[in-house]
Structures are given as C-alpha cells and as structure tokens.
$ cat coords00.pdb   # PDB, C-alpha atoms
MODEL        1
ATOM      1  CA  LYS A 282      97.220  54.943 102.707  1.00  0.00           C
ATOM      2  CA  ARG A 283      99.040  58.051 101.552  1.00  0.00           C
ATOM      3  CA  LEU A 284      95.782  59.986 101.387  1.00  0.00           C
ATOM      4  CA  HIS A 285      94.885  58.725 104.833  1.00  0.00           C
ATOM      5  CA  SER A 286      98.293  59.731 106.200  1.00  0.00           C
ATOM      6  CA  THR A 287      98.056  63.138 104.541  1.00  0.00           C
ATOM      7  CA  GLY A 288      94.632  63.697 106.094  1.00  0.00           C
ATOM      8  CA  LEU A 289      95.912  62.815 109.536  1.00  0.00           C
ATOM      9  CA  PHE A 290      98.885  65.148 109.052  1.00  0.00           C
ATOM     10  CA  SER A 291      96.578  67.995 107.996  1.00  0.00           C
ATOM     11  CA  ILE A 292      94.359  67.488 111.029  1.00  0.00           C
ATOM     12  CA  PHE A 293      97.441  67.384 113.264  1.00  0.00           C
ATOM     13  CA  ALA A 294      98.866  70.539 111.664  1.00  0.00           C
ATOM     14  CA  VAL A 295      95.584  72.442 112.056  1.00  0.00           C
ATOM     15  CA  GLY A 296      95.354  71.283 115.652  1.00  0.00           C
ATOM     16  CA  GLN A 297      98.887  72.444 116.357  1.00  0.00           C
ATOM     17  CA  LEU A 298      98.244  75.810 114.666  1.00  0.00           C
ATOM     18  CA  THR A 299      95.072  76.342 116.724  1.00  0.00           C
ATOM     19  CA  SER A 300      96.899  75.328 119.883  1.00  0.00           C
ATOM     20  CA  ASN A 301      99.784  77.723 119.128  1.00  0.00           C
ATOM     21  CA  THR A 302      97.321  80.542 118.381  1.00  0.00           C
ATOM     22  CA  ASP A 303      95.563  79.964 121.710  1.00  0.00           C
ATOM     23  CA  ILE A 304      98.903  79.988 123.504  1.00  0.00           C
ATOM     24  CA  MET A 305      99.878  83.287 121.813  1.00  0.00           C
ATOM     25  CA  LYS A 306      96.525  84.833 122.750  1.00  0.00           C
ATOM     26  CA  LYS A 307      96.921  83.773 126.375  1.00  0.00           C
ATOM     27  CA  LEU A 308     100.504  85.025 126.433  1.00  0.00           C
ATOM     28  CA  PHE A 309      99.505  88.396 124.956  1.00  0.00           C
ATOM     29  CA  LEU A 310      96.607  88.722 127.401  1.00  0.00           C
ATOM     30  CA  SER A 311      98.928  87.896 130.294  1.00  0.00           C
ATOM     31  CA  ILE A 312     101.385  90.586 129.175  1.00  0.00           C
ATOM     32  CA  VAL A 313      98.588  93.180 128.877  1.00  0.00           C
ATOM     33  CA  VAL A 314      97.209  92.312 132.329  1.00  0.00           C
ATOM     34  CA  ALA A 315     100.694  92.424 133.858  1.00  0.00           C
ATOM     35  CA  ALA A 316     101.423  95.800 132.256  1.00  0.00           C
ATOM     36  CA  ALA A 317      98.069  97.241 133.380  1.00  0.00           C
ATOM     37  CA  THR A 318      98.633  95.945 136.909  1.00  0.00           C
ATOM     38  CA  ALA A 319     102.104  97.490 137.025  1.00  0.00           C
ATOM     39  CA  ILE A 320     100.781 100.824 135.768  1.00  0.00           C
ATOM     40  CA  CYS A 321      97.943 100.877 138.311  1.00  0.00           C
ATOM     41  CA  ALA A 322     100.323  99.907 141.104  1.00  0.00           C
ATOM     42  CA  ASN A 323     102.650 102.798 140.261  1.00  0.00           C
ATOM     43  CA  ALA A 324      99.916 105.353 139.535  1.00  0.00           C
ATOM     44  CA  GLN A 325      99.221 108.090 142.073  1.00  0.00           C
ATOM     45  CA  LEU A 326      95.870 109.832 141.808  1.00  0.00           C
ATOM     46  CA  TYR A 327      95.500 113.524 142.591  1.00  0.00           C
ATOM     47  CA  VAL A 328      92.887 116.280 142.731  1.00  0.00           C
ATOM     48  CA  GLY A 329      93.638 119.976 142.857  1.00  0.00           C
ATOM     49  CA  ALA A 330      92.462 123.536 142.356  1.00  0.00           C
ATOM     50  CA  GLY A 331      93.945 126.979 142.088  1.00  0.00           C
ATOM     51  CA  TYR A 332      94.078 130.496 140.689  1.00  0.00           C
ATOM     52  CA  SER A 333      94.194 131.059 136.932  1.00  0.00           C
ATOM     53  CA  TYR A 334      95.368 134.262 135.224  1.00  0.00           C
ATOM     54  CA  SER A 335      94.857 134.301 131.458  1.00  0.00           C
ATOM     55  CA  PRO A 336      96.228 137.227 129.418  1.00  0.00           C
ATOM     56  CA  THR A 337      95.253 137.097 125.742  1.00  0.00           C
ATOM     57  CA  ALA A 338      97.323 139.039 123.197  1.00  0.00           C
ATOM     58  CA  SER A 339      95.592 140.151 119.998  1.00  0.00           C
ATOM     59  CA  LYS A 340      97.345 141.746 117.025  1.00  0.00           C
ATOM     60  CA  ALA A 341      95.700 143.207 113.923  1.00  0.00           C
ATOM     61  CA  GLY A 342      98.186 144.929 111.650  1.00  0.00           C
ATOM     62  CA  LYS A 343     100.161 147.348 113.809  1.00  0.00           C
ATOM     63  CA  ILE A 344      97.566 147.443 116.561  1.00  0.00           C
ATOM     64  CA  THR A 345      98.235 145.207 119.571  1.00  0.00           C
ATOM     65  CA  GLU A 346      95.844 144.683 122.473  1.00  0.00           C
ATOM     66  CA  ARG A 347      95.923 142.581 125.612  1.00  0.00           C
ATOM     67  CA  PHE A 348      92.957 141.338 127.579  1.00  0.00           C
ATOM     68  CA  ASP A 349      93.476 140.091 131.118  1.00  0.00           C
ATOM     69  CA  ARG A 350      91.219 137.433 132.575  1.00  0.00           C
ATOM     70  CA  ASN A 351      91.143 136.047 136.111  1.00  0.00           C
ATOM     71  CA  GLY A 352      89.508 132.952 137.499  1.00  0.00           C
ATOM     72  CA  PHE A 353      90.105 129.460 138.848  1.00  0.00           C
ATOM     73  CA  TYR A 354      90.637 125.868 137.796  1.00  0.00           C
ATOM     74  CA  ILE A 355      89.955 122.419 139.199  1.00  0.00           C
ATOM     75  CA  GLN A 356      91.708 119.300 137.960  1.00  0.00           C
ATOM     76  CA  ALA A 357      92.230 115.597 138.509  1.00  0.00           C
ATOM     77  CA  GLY A 358      94.611 113.008 137.107  1.00  0.00           C
ATOM     78  CA  TYR A 359      97.277 110.505 137.985  1.00  0.00           C
ATOM     79  CA  GLY A 360     101.059 110.333 137.990  1.00  0.00           C
ATOM     80  CA  LEU A 361     103.234 107.526 136.673  1.00  0.00           C
ATOM     81  CA  ASN A 362     106.885 107.049 137.580  1.00  0.00           C
ATOM     82  CA  VAL A 363     108.917 106.077 134.514  1.00  0.00           C
ATOM     83  CA  GLY A 364     112.334 106.396 136.156  1.00  0.00           C
ATOM     84  CA  LYS A 365     114.063 107.391 139.333  1.00  0.00           C
ATOM     85  CA  HIS A 366     113.437 111.084 138.718  1.00  0.00           C
ATOM     86  CA  LEU A 367     111.089 111.150 135.701  1.00  0.00           C
ATOM     87  CA  GLY A 368     107.302 111.027 135.735  1.00  0.00           C
ATOM     88  CA  ILE A 369     104.320 111.444 133.409  1.00  0.00           C
ATOM     89  CA  VAL A 370     101.248 113.155 134.820  1.00  0.00           C
ATOM     90  CA  PRO A 371      98.195 113.253 132.517  1.00  0.00           C
ATOM     91  CA  GLY A 372      95.157 115.096 133.785  1.00  0.00           C
ATOM     92  CA  LEU A 373      91.783 116.667 133.069  1.00  0.00           C
ATOM     93  CA  GLU A 374      91.158 120.302 133.972  1.00  0.00           C
ATOM     94  CA  TYR A 375      88.110 122.578 134.066  1.00  0.00           C
ATOM     95  CA  GLU A 376      88.954 126.295 133.912  1.00  0.00           C
ATOM     96  CA  VAL A 377      86.811 129.405 134.295  1.00  0.00           C
ATOM     97  CA  VAL A 378      88.165 132.913 133.637  1.00  0.00           C
ATOM     98  CA  THR A 379      86.375 136.244 133.294  1.00  0.00           C
ATOM     99  CA  LYS A 380      87.195 139.586 131.735  1.00  0.00           C
ATOM    100  CA  THR A 381      85.423 142.729 132.916  1.00  0.00           C
ATOM    101  CA  GLU A 382      86.131 145.940 131.032  1.00  0.00           C
ATOM    102  CA  ASN A 383      83.929 149.044 131.194  1.00  0.00           C
ATOM    103  CA  ASP A 384      80.404 147.649 130.841  1.00  0.00           C
ATOM    104  CA  VAL A 385      81.481 144.453 129.066  1.00  0.00           C
ATOM    105  CA  LYS A 386      81.647 141.188 130.986  1.00  0.00           C
ATOM    106  CA  GLN A 387      83.020 138.106 129.264  1.00  0.00           C
ATOM    107  CA  PRO A 388      83.124 134.809 131.222  1.00  0.00           C
ATOM    108  CA  GLU A 389      84.831 131.861 129.532  1.00  0.00           C
ATOM    109  CA  GLN A 390      84.977 128.140 130.279  1.00  0.00           C
ATOM    110  CA  TYR A 391      87.607 125.698 129.044  1.00  0.00           C
ATOM    111  CA  LEU A 392      88.271 121.980 129.204  1.00  0.00           C
ATOM    112  CA  ASN A 393      92.027 121.366 129.266  1.00  0.00           C
ATOM    113  CA  ILE A 394      94.004 118.131 128.950  1.00  0.00           C
ATOM    114  CA  PRO A 395      97.564 118.686 130.228  1.00  0.00           C
ATOM    115  CA  VAL A 396     100.193 115.956 129.988  1.00  0.00           C
ATOM    116  CA  LYS A 397     103.055 116.887 132.297  1.00  0.00           C
ATOM    117  CA  VAL A 398     106.524 115.408 132.018  1.00  0.00           C
ATOM    118  CA  THR A 399     108.145 115.938 135.414  1.00  0.00           C
ATOM    119  CA  TYR A 400     111.670 115.748 136.774  1.00  0.00           C
ATOM    120  CA  GLY A 401     112.038 115.814 140.545  1.00  0.00           C
ATOM    121  CA  PHE A 402     114.405 115.013 143.383  1.00  0.00           C
ATOM    122  CA  SER A 403     113.782 114.431 147.072  1.00  0.00           C
ATOM    123  CA  LEU A 404     115.197 116.378 149.994  1.00  0.00           C
ATOM    124  CA  GLY A 405     114.797 113.792 152.720  1.00  0.00           C
ATOM    125  CA  ASN A 406     111.410 112.193 153.333  1.00  0.00           C
ATOM    126  CA  ILE A 407     109.450 115.419 153.637  1.00  0.00           C
ATOM    127  CA  VAL A 408     110.139 117.600 150.584  1.00  0.00           C
ATOM    128  CA  GLU A 409     110.435 116.928 146.868  1.00  0.00           C
ATOM    129  CA  LEU A 410     111.265 119.686 144.376  1.00  0.00           C
ATOM    130  CA  GLY A 411     110.822 119.434 140.645  1.00  0.00           C
ATOM    131  CA  ALA A 412     110.098 121.058 137.297  1.00  0.00           C
ATOM    132  CA  PHE A 413     107.875 120.071 134.402  1.00  0.00           C
ATOM    133  CA  VAL A 414     106.911 120.746 130.814  1.00  0.00           C
ATOM    134  CA  ALA A 415     103.235 120.320 129.961  1.00  0.00           C
ATOM    135  CA  PRO A 416     101.848 120.205 126.422  1.00  0.00           C
ATOM    136  CA  THR A 417      98.158 121.004 126.862  1.00  0.00           C
ATOM    137  CA  PHE A 418      95.206 120.482 124.554  1.00  0.00           C
ATOM    138  CA  SER A 419      92.398 122.939 125.254  1.00  0.00           C
ATOM    139  CA  MET A 420      88.794 123.188 124.106  1.00  0.00           C
ATOM    140  CA  GLY A 421      86.703 126.304 124.565  1.00  0.00           C
ATOM    141  CA  LEU A 422      83.300 125.438 126.037  1.00  0.00           C
ATOM    142  CA  THR A 423      81.588 128.826 126.352  1.00  0.00           C
ATOM    143  CA  SER A 424      82.565 132.458 125.796  1.00  0.00           C
ATOM    144  CA  LYS A 425      79.959 135.183 125.723  1.00  0.00           C
ATOM    145  CA  ALA A 426      80.506 138.931 125.732  1.00  0.00           C
ATOM    146  CA  LYS A 427      77.666 140.560 127.668  1.00  0.00           C
ATOM    147  CA  VAL A 428      76.602 144.196 127.694  1.00  0.00           C
ATOM    148  CA  ASP A 429      73.461 144.830 129.711  1.00  0.00           C
ATOM    149  CA  ASP A 430      70.860 142.468 128.204  1.00  0.00           C
ATOM    150  CA  THR A 431      72.797 141.814 124.982  1.00  0.00           C
ATOM    151  CA  SER A 432      75.250 138.938 124.552  1.00  0.00           C
ATOM    152  CA  VAL A 433      77.443 137.721 121.702  1.00  0.00           C
ATOM    153  CA  ASP A 434      78.575 134.101 121.408  1.00  0.00           C
ATOM    154  CA  MET A 435      82.296 134.339 120.612  1.00  0.00           C
ATOM    155  CA  TYR A 436      82.228 130.802 119.145  1.00  0.00           C
ATOM    156  CA  GLY A 437      79.100 131.415 117.069  1.00  0.00           C
ATOM    157  CA  GLU A 438      78.841 132.281 113.378  1.00  0.00           C
ATOM    158  CA  ASP A 439      79.408 135.956 114.151  1.00  0.00           C
ATOM    159  CA  GLY A 440      82.028 135.251 116.825  1.00  0.00           C
ATOM    160  CA  PHE A 441      85.782 135.768 116.704  1.00  0.00           C
ATOM    161  CA  TYR A 442      87.185 132.680 118.423  1.00  0.00           C
ATOM    162  CA  LYS A 443      88.189 129.185 117.374  1.00  0.00           C
ATOM    163  CA  ARG A 444      87.380 126.577 119.993  1.00  0.00           C
ATOM    164  CA  GLY A 445      90.516 124.451 119.695  1.00  0.00           C
ATOM    165  CA  ASP A 446      93.770 125.539 121.304  1.00  0.00           C
ATOM    166  CA  PHE A 447      97.186 124.116 122.114  1.00  0.00           C
ATOM    167  CA  ARG A 448      99.540 125.474 124.752  1.00  0.00           C
ATOM    168  CA  VAL A 449     102.888 124.501 126.228  1.00  0.00           C
ATOM    169  CA  GLY A 450     103.374 124.953 129.949  1.00  0.00           C
ATOM    170  CA  LEU A 451     106.583 125.289 131.942  1.00  0.00           C
ATOM    171  CA  GLY A 452     106.483 125.086 135.702  1.00  0.00           C
ATOM    172  CA  VAL A 453     107.876 124.061 139.059  1.00  0.00           C
ATOM    173  CA  TYR A 454     106.384 122.135 141.956  1.00  0.00           C
ATOM    174  CA  CYS A 455     107.014 121.282 145.594  1.00  0.00           C
ATOM    175  CA  ASP A 456     105.685 118.126 147.274  1.00  0.00           C
ATOM    176  CA  LEU A 457     105.243 118.031 151.041  1.00  0.00           C
ATOM    177  CA  ILE A 458     105.116 114.714 152.960  1.00  0.00           C
ATOM    178  CA  GLU A 459     104.214 112.983 149.659  1.00  0.00           C
ATOM    179  CA  LYS A 460     100.623 114.216 149.994  1.00  0.00           C
ATOM    180  CA  VAL A 461     100.437 117.922 149.141  1.00  0.00           C
ATOM    181  CA  ARG A 462     101.728 119.450 145.911  1.00  0.00           C
ATOM    182  CA  ILE A 463     102.134 123.181 145.320  1.00  0.00           C
ATOM    183  CA  ASN A 464     102.687 124.075 141.666  1.00  0.00           C
ATOM    184  CA  LEU A 465     103.303 127.216 139.621  1.00  0.00           C
ATOM    185  CA  ASN A 466     103.346 127.241 135.831  1.00  0.00           C
ATOM    186  CA  TYR A 467     103.194 129.529 132.807  1.00  0.00           C
ATOM    187  CA  ASN A 468     101.355 128.418 129.663  1.00  0.00           C
ATOM    188  CA  PHE A 469     102.451 129.672 126.249  1.00  0.00           C
ATOM    189  CA  GLY A 470      99.712 129.872 123.632  1.00  0.00           C
ATOM    190  CA  VAL A 471     100.808 128.312 120.337  1.00  0.00           C
ATOM    191  CA  VAL A 472      97.668 128.367 118.178  1.00  0.00           C
ATOM    192  CA  ASN A 473      96.116 131.455 116.594  1.00  0.00           C
ATOM    193  CA  ARG A 474      92.574 131.416 118.012  1.00  0.00           C
ATOM    194  CA  SER A 475      91.199 134.239 115.867  1.00  0.00           C
ATOM    195  CA  LYS A 476      88.732 133.575 113.059  1.00  0.00           C
ATOM    196  CA  VAL A 477      89.250 137.104 111.728  1.00  0.00           C
ATOM    197  CA  ASP A 478      91.536 137.534 108.712  1.00  0.00           C
ATOM    198  CA  ASP A 479      94.890 139.272 109.309  1.00  0.00           C
ATOM    199  CA  THR A 480      94.418 138.982 113.076  1.00  0.00           C
ATOM    200  CA  THR A 481      96.377 136.801 115.482  1.00  0.00           C
ATOM    201  CA  MET A 482      95.274 135.988 119.011  1.00  0.00           C
ATOM    202  CA  ARG A 483      96.978 133.691 121.497  1.00  0.00           C
ATOM    203  CA  ARG A 484      95.910 132.777 125.012  1.00  0.00           C
ATOM    204  CA  ASN A 485      98.705 132.530 127.558  1.00  0.00           C
ATOM    205  CA  GLY A 486      98.288 131.882 131.250  1.00  0.00           C
ATOM    206  CA  VAL A 487      99.682 131.645 134.762  1.00  0.00           C
ATOM    207  CA  GLN A 488      98.412 129.089 137.260  1.00  0.00           C
ATOM    208  CA  LEU A 489      99.124 128.732 140.948  1.00  0.00           C
ATOM    209  CA  GLY A 490      97.516 125.829 142.719  1.00  0.00           C
ATOM    210  CA  VAL A 491      97.506 123.089 145.324  1.00  0.00           C
ATOM    211  CA  ALA A 492      96.806 119.381 144.814  1.00  0.00           C
ATOM    212  CA  TYR A 493      96.252 116.451 147.141  1.00  0.00           C
ATOM    213  CA  LEU A 494      98.064 113.226 146.238  1.00  0.00           C
ATOM    214  CA  PHE A 495      96.363 109.953 147.169  1.00  0.00           C
TER
ENDMDL
END

$ encode --input "coords00.pdb" --output "structure tokens"
Amino acid sequence: KRLHSTGLFSIFAVGQLTSNTDIMKKLFLSIVVAAATAICANAQLYVGAGYSYSPTASKAGKITERFDRNGFYIQAGYGLNVGKHLGIVPGLEYEVVTKTENDVKQPEQYLNIPVKVTYGFSLGNIVELGAFVAPTFSMGLTSKAKVDDTSVDMYGEDGFYKRGDFRVGLGVYCDLIEKVRINLNYNFGVVNRSKVDDTTMRRNGVQLGVAYLF
C-alpha cells in the first residue's frame, strides 16, 4: 500500500510540475507578446536623407593632413518613447562621400548604425525642439582611390584603412506637425582607422537632413 501510495504521489507531483511549467511558459509568452505589442504601438517609423560632410584628419609624426569629403546619406529607422521627454531612435544609414583632389578621385561608401538618445519638448501642437547624442557603429563598404585608369583598394592588403569605425554624434532637431523632422549633427570619430604604423586617422562628420515620420 505504501508503495502504491508513493507511486500515486510521484505521478501527482510530476503532473503538478508539468502543469506549473506550462503555466510559466504561457505566462512568459504572454509577457513577451504584451511587451512587443507595446513597443510596436509606441514605435514611429521614419525615412530620411540629407547632406553629409566628412573631414578626415590624419597625423603621422608631426605632419597633420585633412581630407574633406562631400556626399549624401539615406536612412530609415524607428523611434521609441521611453518617457515624457526621452526617446530612443535606432536606425540604419547608407552614406556616400567623395574626395576629389588634383587628379585623384576617391568615392567611399559606408553602412552606419546610429542609436540616438533624444530629449525633446513641444511648443504647442506644431513644433517640437530637441537634442540628441548618437553612438554610431560604422562599416566601410568600398573606398577606392582612382587616378586615370589606376585604382587602389583602400581596404585591400596594400590599403591604408580599417573597415570598422565608431563615432559619437551630437545634434539638434526640429519636428514640424509631428511629420517632418529637420536635424543637424556633428559626429566625432573615436577609432583610429589607419593600418599604417605610427599614423592616426579619424573620420568626423557633419550631417544636415530631413526625415518623414510615419
């Protein structure tokens, strides 16, 4: 009888444990779905484009040079409100800049991932002003220096650049009628992008653009 009772208790205990596990799984799944729904409900998608100015400072010993590049960028992302005035705006950005000096032409393409932390306040129902800080991960896609019919891959074995980069942006923005955003920011290059010994090279940048908020 004791063995029989023990067996029934074991079966009951296993059944209860399985039931509790199923309940925990359902509860966890419900929390995840609720959180995802809340995030999607508060998210605001945007697409934008603008002008990109990218000065690169290079220093080798006592010699300092600066190369100016001009171009454009296009980007998309979404904004999340995490407070009355605070927001997080992750995005994906494609940037093209070109340097032309004497007979040398050097177009460059980058894929950037900015994550803006914004602070803004409304002026009525028409205008919102704000500022942001934007740590940005950047990956160089192509960079070739061309002279006539000769080109050098700056990311190749004989090139001078590292592909990976990290920058920190500071900027301001102005929203109009909750649909149009005008933003201006300066990006500070943090990483030394040079593969050459005893040489430092950092890519900074200024961006002025317009985005449409959905």

$ resolve_selection --input "coords00.pdb" --expression "the PyMOL selection byres ((chain A and resi 446-456) around 9)" --output "VMD selection string"
chain A and resid 395 397 399 401 403 407 to 421 443 to 445 457 to 474 483 to 486

$ closest_residue --input "coords00.pdb" --among "A:Val433, A:Ala324, A:Ile344, A:Leu367" --to "Met482 in chain A" --atoms "only C-alpha atoms"
A:Ile344

$ closest_residue --input "coords00.pdb" --among "A:Val491, A:Val378, A:Ala357, A:Tyr442" --to "Val477 in chain A" --atoms "only C-alpha atoms"
A:Tyr442

$ resolve_selection --input "coords00.pdb" --expression "the PyMOL selection byres ((chain A and resi 350) around 8)" --output "ChimeraX atom specification"
/A:334-337,348-349,351-352,378-381

$ write_last_selection --input "coords00.pdb" --atoms "C-alpha atoms" --output "short mmCIF file (atom, residue, chain, number, x, y, z; two decimals), in the coordinates of the input"
data_model
loop_
_atom_site.label_atom_id
_atom_site.label_comp_id
_atom_site.auth_asym_id
_atom_site.auth_seq_id
_atom_site.Cartn_x
_atom_site.Cartn_y
_atom_site.Cartn_z
CA TYR A 334 95.37 134.26 135.22
CA SER A 335 94.86 134.30 131.46
CA PRO A 336 96.23 137.23 129.42
CA THR A 337 95.25 137.10 125.74
CA PHE A 348 92.96 141.34 127.58
CA ASP A 349 93.48 140.09 131.12
CA ASN A 351 91.14 136.05 136.11
CA GLY A 352 89.51 132.95 137.50
CA VAL A 378 88.16 132.91 133.64
CA THR A 379 86.38 136.24 133.29
CA LYS A 380 87.20 139.59 131.74
CA THR A 381 85.42 142.73 132.92
#

$ atom_distance --input "coords00.pdb" --atom1 "CA of Gly331 in chain A" --atom2 "CA of Asn406 in chain A"
25.5 Å

$ atom_distance --input "coords00.pdb" --atom1 "CA of His366 in chain A" --atom2 "CA of Phe402 in chain A"
6.2 Å

$ atom_distance --input "coords00.pdb" --atom1 "CA of Val396 in chain A" --atom2 "CA of Val377 in chain A"
19.5 Å

$ resolve_selection --input "coords00.pdb" --expression "the PyMOL selection byres ((chain A and resi 426) around 6)" --output "number ranges by chain"
A: 386-387, 425, 427, 432-433

$ write_last_selection --input "coords00.pdb" --atoms "C-alpha atoms" --output "PDB file, keeping the file's coordinate frame"
ATOM      1  CA  LYS A 386      81.647 141.188 130.986  1.00  0.00           C
ATOM      2  CA  GLN A 387      83.020 138.106 129.264  1.00  0.00           C
ATOM      3  CA  LYS A 425      79.959 135.183 125.723  1.00  0.00           C
ATOM      4  CA  LYS A 427      77.666 140.560 127.668  1.00  0.00           C
ATOM      5  CA  SER A 432      75.250 138.938 124.552  1.00  0.00           C
ATOM      6  CA  VAL A 433      77.443 137.721 121.702  1.00  0.00           C
TER       7      VAL A 433
END

$ closest_residue --input "coords00.pdb" --among "A:Leu404, A:Ile394, A:Val385, A:Leu326" --to "Thr431 in chain A" --atoms "all atoms listed in the file"
A:Val385

$ build_atoms --input "coords00.pdb" --residues "range 475-491 of chain A" --atoms "N, CA, C and O atoms" --output "PDB file, in the coordinates of the input"
ATOM      1  N   SER A 475      92.087 133.279 116.522  1.00  0.00           N
ATOM      2  CA  SER A 475      91.199 134.239 115.867  1.00  0.00           C
ATOM      3  C   SER A 475      90.649 133.690 114.550  1.00  0.00           C
ATOM      4  O   SER A 475      91.368 133.088 113.763  1.00  0.00           O
ATOM      5  N   LYS A 476      89.347 133.925 114.333  1.00  0.00           N
ATOM      6  CA  LYS A 476      88.732 133.575 113.059  1.00  0.00           C
ATOM      7  C   LYS A 476      88.742 134.753 112.085  1.00  0.00           C
ATOM      8  O   LYS A 476      88.321 134.617 110.935  1.00  0.00           O
ATOM      9  N   VAL A 477      89.230 135.893 112.547  1.00  0.00           N
ATOM     10  CA  VAL A 477      89.250 137.104 111.728  1.00  0.00           C
ATOM     11  C   VAL A 477      90.522 137.128 110.885  1.00  0.00           C
ATOM     12  O   VAL A 477      91.615 136.858 111.390  1.00  0.00           O
ATOM     13  N   ASP A 478      90.379 137.459 109.611  1.00  0.00           N
ATOM     14  CA  ASP A 478      91.536 137.534 108.712  1.00  0.00           C
ATOM     15  C   ASP A 478      92.515 138.610 109.182  1.00  0.00           C
ATOM     16  O   ASP A 478      92.117 139.671 109.690  1.00  0.00           O
ATOM     17  N   ASP A 479      93.807 138.324 108.987  1.00  0.00           N
ATOM     18  CA  ASP A 479      94.890 139.272 109.309  1.00  0.00           C
ATOM     19  C   ASP A 479      94.928 139.641 110.792  1.00  0.00           C
ATOM     20  O   ASP A 479      95.412 140.709 111.165  1.00  0.00           O
ATOM     21  N   THR A 480      94.393 138.757 111.633  1.00  0.00           N
ATOM     22  CA  THR A 480      94.418 138.982 113.076  1.00  0.00           C
ATOM     23  C   THR A 480      94.941 137.730 113.770  1.00  0.00           C
ATOM     24  O   THR A 480      94.527 136.619 113.448  1.00  0.00           O
ATOM     25  N   THR A 481      95.867 137.923 114.697  1.00  0.00           N
ATOM     26  CA  THR A 481      96.377 136.801 115.482  1.00  0.00           C
ATOM     27  C   THR A 481      95.998 137.005 116.951  1.00  0.00           C
ATOM     28  O   THR A 481      96.019 138.126 117.460  1.00  0.00           O
ATOM     29  N   MET A 482      95.667 135.911 117.609  1.00  0.00           N
ATOM     30  CA  MET A 482      95.274 135.988 119.011  1.00  0.00           C
ATOM     31  C   MET A 482      95.708 134.697 119.706  1.00  0.00           C
ATOM     32  O   MET A 482      95.358 133.598 119.271  1.00  0.00           O
ATOM     33  N   ARG A 483      96.475 134.849 120.756  1.00  0.00           N
ATOM     34  CA  ARG A 483      96.978 133.691 121.497  1.00  0.00           C
ATOM     35  C   ARG A 483      96.680 133.860 122.982  1.00  0.00           C
ATOM     36  O   ARG A 483      96.852 134.941 123.540  1.00  0.00           O
ATOM     37  N   ARG A 484      96.269 132.758 123.585  1.00  0.00           N
ATOM     38  CA  ARG A 484      95.910 132.777 125.012  1.00  0.00           C
ATOM     39  C   ARG A 484      97.038 132.169 125.833  1.00  0.00           C
ATOM     40  O   ARG A 484      97.338 130.982 125.728  1.00  0.00           O
ATOM     41  N   ASN A 485      97.673 132.993 126.637  1.00  0.00           N
ATOM     42  CA  ASN A 485      98.705 132.530 127.558  1.00  0.00           C
ATOM     43  C   ASN A 485      98.074 132.337 128.939  1.00  0.00           C
ATOM     44  O   ASN A 485      96.860 132.461 129.099  1.00  0.00           O
ATOM     45  N   GLY A 486      98.891 132.044 129.936  1.00  0.00           N
ATOM     46  CA  GLY A 486      98.288 131.882 131.250  1.00  0.00           C
ATOM     47  C   GLY A 486      99.277 131.561 132.349  1.00  0.00           C
ATOM     48  O   GLY A 486     100.321 130.957 132.111  1.00  0.00           O
ATOM     49  N   VAL A 487      98.933 131.971 133.552  1.00  0.00           N
ATOM     50  CA  VAL A 487      99.682 131.645 134.762  1.00  0.00           C
ATOM     51  C   VAL A 487      98.735 130.920 135.712  1.00  0.00           C
ATOM     52  O   VAL A 487      97.578 131.340 135.890  1.00  0.00           O
ATOM     53  N   GLN A 488      99.220 129.837 136.309  1.00  0.00           N
ATOM     54  CA  GLN A 488      98.412 129.089 137.260  1.00  0.00           C
ATOM     55  C   GLN A 488      99.207 128.812 138.526  1.00  0.00           C
ATOM     56  O   GLN A 488     100.370 128.419 138.460  1.00  0.00           O
ATOM     57  N   LEU A 489      98.547 129.032 139.638  1.00  0.00           N
ATOM     58  CA  LEU A 489      99.124 128.732 140.948  1.00  0.00           C
ATOM     59  C   LEU A 489      98.109 127.901 141.703  1.00  0.00           C
ATOM     60  O   LEU A 489      96.967 128.330 141.916  1.00  0.00           O
ATOM     61  N   GLY A 490      98.508 126.677 142.092  1.00  0.00           N
ATOM     62  CA  GLY A 490      97.516 125.829 142.719  1.00  0.00           C
ATOM     63  C   GLY A 490      98.092 124.836 143.709  1.00  0.00           C
ATOM     64  O   GLY A 490      99.307 124.722 143.902  1.00  0.00           O
ATOM     65  N   VAL A 491      97.179 124.103 144.329  1.00  0.00           N
ATOM     66  CA  VAL A 491      97.506 123.089 145.324  1.00  0.00           C
ATOM     67  C   VAL A 491      96.757 121.811 144.966  1.00  0.00           C
ATOM     68  O   VAL A 491      95.596 121.854 144.561  1.00  0.00           O
TER      69      VAL A 491
END
